[in-house]
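Down below is the structure, laid out as structure tokens.
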Amino acid sequence: MSTTKLHAVDTSDYVRPTLRLIVDESTAVQVGDRPIFGSQITIRDSLASLNGKVLLPGLIIGWVDYVETTKFGCLTSEDHYIDASKFLYVEKNQLVLAKPIKLIHFPEDIKSSKQIFSFCEA
């Protein structure tokens with residue numbers, strides 16, 4: 001009689017890679033509680049209070065003015081590029097999460113850094 005050992009991996013200490021949601025240099029981005037006139041992208045200011053929280057698909061994280069997801073990108077800690085459309089989409093000028101993410105850091109100065117926030121997949 002043969003005995004097969006089952007192997008399980010404890011993922012409680014597993015840290016998912018951190019990604020940075022960025023926007024290209026030529027795109028104007030602001031932070032506000034509603035779309036800001038003259039800004040191509042407005043990110044919801046209420047996200048700043050959600051650091052460490054899991055954000056669910058369908059959450060509106062901002063508004064865009066004639067901007068598609070091609071203006072966004074994700075960078076790994078090694079600066080490898082990942083297409084942002086894996087994580088968000090645009091619907092009726094709203095920027096919407098496509099899958100659950102854990103918000104890690106919402107920077108104070110999005111306007112000059114062009115980094116929207118840091119996150120990992122939930």
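Residue numbering restarts at 1 in every chain; chains get A, B, ... in the order shown in the structure tokens, and ligands count up from 1 in that same order.
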Pick out the residues sitting within 10 Å of Ser112 in chain A, and hand them over as a ChimeraX atom specification; count only C-alpha atoms, and ignore anything fewer than 3 positions along from it in its own chain. /A:25,28-30,108-109,115
Would you save the residues of that selection, restricted to N, CA and C atoms, as a PDB file, in the first residue's frame?
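again.pdb, freshly written:
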```
ATOM      1  N   GLU A  25       3.218  61.147 -18.210  1.00  0.00           N
ATOM      2  CA  GLU A  25       3.668  62.505 -17.861  1.00  0.00           C
ATOM      3  C   GLU A  25       2.803  63.621 -18.448  1.00  0.00           C
ATOM      4  N   ALA A  28      -2.958  65.391 -17.151  1.00  0.00           N
ATOM      5  CA  ALA A  28      -3.246  66.180 -15.949  1.00  0.00           C
ATOM      6  C   ALA A  28      -4.097  65.367 -14.986  1.00  0.00           C
ATOM      7  N   VAL A  29      -3.638  65.256 -13.739  1.00  0.00           N
ATOM      8  CA  VAL A  29      -4.363  64.494 -12.719  1.00  0.00           C
ATOM      9  C   VAL A  29      -4.539  65.354 -11.468  1.00  0.00           C
ATOM     10  N   GLN A  30      -5.727  65.267 -10.880  1.00  0.00           N
ATOM     11  CA  GLN A  30      -6.061  66.008  -9.667  1.00  0.00           C
ATOM     12  C   GLN A  30      -6.749  65.058  -8.697  1.00  0.00           C
ATOM     13  N   GLU A 108       0.457  61.864  -1.065  1.00  0.00           N
ATOM     14  CA  GLU A 108      -0.088  63.202  -0.851  1.00  0.00           C
ATOM     15  C   GLU A 108      -0.031  64.054  -2.118  1.00  0.00           C
ATOM     16  N   ASP A 109       0.997  63.861  -2.948  1.00  0.00           N
ATOM     17  CA  ASP A 109       1.172  64.724  -4.111  1.00  0.00           C
ATOM     18  C   ASP A 109       1.106  63.933  -5.414  1.00  0.00           C
ATOM     19  N   GLN A 115       2.095  59.246  -9.666  1.00  0.00           N
ATOM     20  CA  GLN A 115       1.760  57.954  -9.068  1.00  0.00           C
ATOM     21  C   GLN A 115       0.426  58.102  -8.368  1.00  0.00           C
TER      22      GLN A 115
END
```
Hey, what's within 12 Å of range 95-99 of chain A if we count only C-alpha atoms and toss same-chain stuff fewer than 3 positions away? As a count of residues only, please? 41
DSSP strand (DSSP E) residues within range 25-102 of chain A, as number ranges by chain: A: 29-32, 41-44, 54-55, 60-64, 72-75, 81-83, 88-91, 94-97, 101-102
Could those selected residues go to a file with N, CA and C atoms, as a compact mmCIF listing (two decimals), in the first residue's frame?
```txt
# COMPACT_ATOMS: atom_id res chain seq x y z
N VAL A 29 -3.64 65.26 -13.74
CA VAL A 29 -4.36 64.49 -12.72
C VAL A 29 -4.54 65.35 -11.47
N GLN A 30 -5.73 65.27 -10.88
CA GLN A 30 -6.06 66.01 -9.67
C GLN A 30 -6.75 65.06 -8.70
N VAL A 31 -6.93 65.50 -7.47
CA VAL A 31 -7.65 64.75 -6.45
C VAL A 31 -8.85 65.59 -6.02
N GLY A 32 -10.03 64.97 -5.96
CA GLY A 32 -11.22 65.71 -5.56
C GLY A 32 -12.38 64.79 -5.23
N ILE A 41 -7.90 63.64 -15.47
CA ILE A 41 -8.19 62.58 -14.51
C ILE A 41 -8.38 63.21 -13.14
N THR A 42 -9.47 62.83 -12.47
CA THR A 42 -9.69 63.22 -11.08
C THR A 42 -9.80 61.94 -10.27
N ILE A 43 -8.95 61.80 -9.26
CA ILE A 43 -8.97 60.64 -8.38
C ILE A 43 -9.75 61.00 -7.13
N ARG A 44 -10.62 60.11 -6.67
CA ARG A 44 -11.45 60.38 -5.48
C ARG A 44 -10.58 60.62 -4.26
N VAL A 54 -9.18 46.54 1.54
CA VAL A 54 -9.43 45.88 0.26
C VAL A 54 -10.55 46.62 -0.44
N LEU A 55 -10.29 47.02 -1.67
CA LEU A 55 -11.26 47.72 -2.50
C LEU A 55 -11.85 46.72 -3.49
N ILE A 60 -15.91 53.01 -7.89
CA ILE A 60 -15.49 54.15 -8.71
C ILE A 60 -14.35 54.84 -7.97
N ILE A 61 -13.16 54.84 -8.59
CA ILE A 61 -11.99 55.44 -7.93
C ILE A 61 -11.68 56.82 -8.49
N GLY A 62 -12.44 57.26 -9.49
CA GLY A 62 -12.21 58.58 -10.06
C GLY A 62 -13.02 58.79 -11.32
N TRP A 63 -12.67 59.88 -11.98
CA TRP A 63 -13.37 60.28 -13.20
C TRP A 63 -12.34 60.69 -14.26
N VAL A 64 -12.70 60.49 -15.51
CA VAL A 64 -11.81 60.84 -16.60
C VAL A 64 -12.54 61.72 -17.60
N PHE A 72 -2.92 54.88 -18.30
CA PHE A 72 -2.50 54.32 -17.02
C PHE A 72 -1.58 53.13 -17.22
N GLY A 73 -0.75 52.89 -16.25
CA GLY A 73 0.10 51.72 -16.25
C GLY A 73 0.36 51.30 -14.81
N CYS A 74 0.89 50.10 -14.65
CA CYS A 74 1.29 49.61 -13.33
C CYS A 74 2.76 49.23 -13.40
N LEU A 75 3.50 49.61 -12.38
CA LEU A 75 4.90 49.26 -12.28
C LEU A 75 5.13 48.39 -11.07
N TYR A 81 6.65 46.86 -16.36
CA TYR A 81 5.35 47.43 -16.74
C TYR A 81 4.29 46.34 -16.83
N ILE A 82 3.10 46.63 -16.29
CA ILE A 82 1.93 45.77 -16.41
C ILE A 82 0.79 46.65 -16.90
N ASP A 83 0.01 46.14 -17.84
CA ASP A 83 -1.12 46.89 -18.38
C ASP A 83 -2.16 47.14 -17.28
N LEU A 88 -8.39 48.05 -13.91
CA LEU A 88 -9.41 49.09 -13.97
C LEU A 88 -9.92 49.27 -15.38
N TYR A 89 -11.07 49.92 -15.47
CA TYR A 89 -11.66 50.22 -16.77
C TYR A 89 -12.42 51.55 -16.67
N VAL A 90 -12.76 52.10 -17.81
CA VAL A 90 -13.51 53.35 -17.88
C VAL A 90 -14.91 53.04 -18.37
N GLU A 91 -15.90 53.56 -17.63
CA GLU A 91 -17.30 53.40 -18.02
C GLU A 91 -18.04 54.70 -17.72
N GLN A 94 -16.22 57.30 -15.81
CA GLN A 94 -15.84 56.93 -14.46
C GLN A 94 -14.72 55.90 -14.52
N LEU A 95 -13.77 56.04 -13.62
CA LEU A 95 -12.66 55.10 -13.51
C LEU A 95 -13.05 54.06 -12.46
N VAL A 96 -13.15 52.79 -12.88
CA VAL A 96 -13.75 51.74 -12.06
C VAL A 96 -12.77 50.59 -11.87
N LEU A 97 -12.73 50.03 -10.65
CA LEU A 97 -11.89 48.86 -10.39
C LEU A 97 -12.47 47.63 -11.07
N ILE A 101 -8.45 44.83 -5.02
CA ILE A 101 -7.07 45.20 -4.72
C ILE A 101 -6.99 45.63 -3.25
N LYS A 102 -5.80 45.55 -2.70
CA LYS A 102 -5.57 46.08 -1.36
C LYS A 102 -4.78 47.37 -1.54
```
Taken to one decimal, the CA of Thr76 in chain A-CA of Asp33 in chain A distance is 28.3 Å
I'd like to know which residues of range 3-87 of chain A are helix (DSSP H, G or I) (by DSSP, run on the backbone); could you write them as a PyMOL selection string? chain A and resi 45-50+69-71+84-86
Ser118 in chain A environment, 6 Å, only C-alpha atoms, sequence neighbours closer than 3 positions dropped, as a list in words: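 These residues fall inside the cut-off: Leu19, Arg20, Ile104 and His105 of chain A.
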Selection from above, N, CA and C atoms, as a compact mmCIF listing (two decimals), in the first residue's frame, can you write it?
```txt
# COMPACT_ATOMS: atom_id res chain seq x y z
N LEU A 19 2.37 46.92 -6.46
CA LEU A 19 2.32 47.58 -7.76
C LEU A 19 2.02 49.05 -7.54
N ARG A 20 2.48 49.88 -8.46
CA ARG A 20 2.19 51.31 -8.43
C ARG A 20 1.36 51.66 -9.65
N ILE A 104 -2.39 50.10 -0.61
CA ILE A 104 -1.25 50.13 0.31
C ILE A 104 -0.86 51.56 0.67
N HIS A 105 -0.79 52.42 -0.34
CA HIS A 105 -0.36 53.80 -0.06
C HIS A 105 -0.99 54.76 -1.05
```
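When CA of Asp79 in chain A is paired with CA of Ser26 in chain A, their separation reads 19.4 Å.
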Separation of CA of Asn93 in chain A and CA of Ile116 in chain A, in Å? 17.3 Å
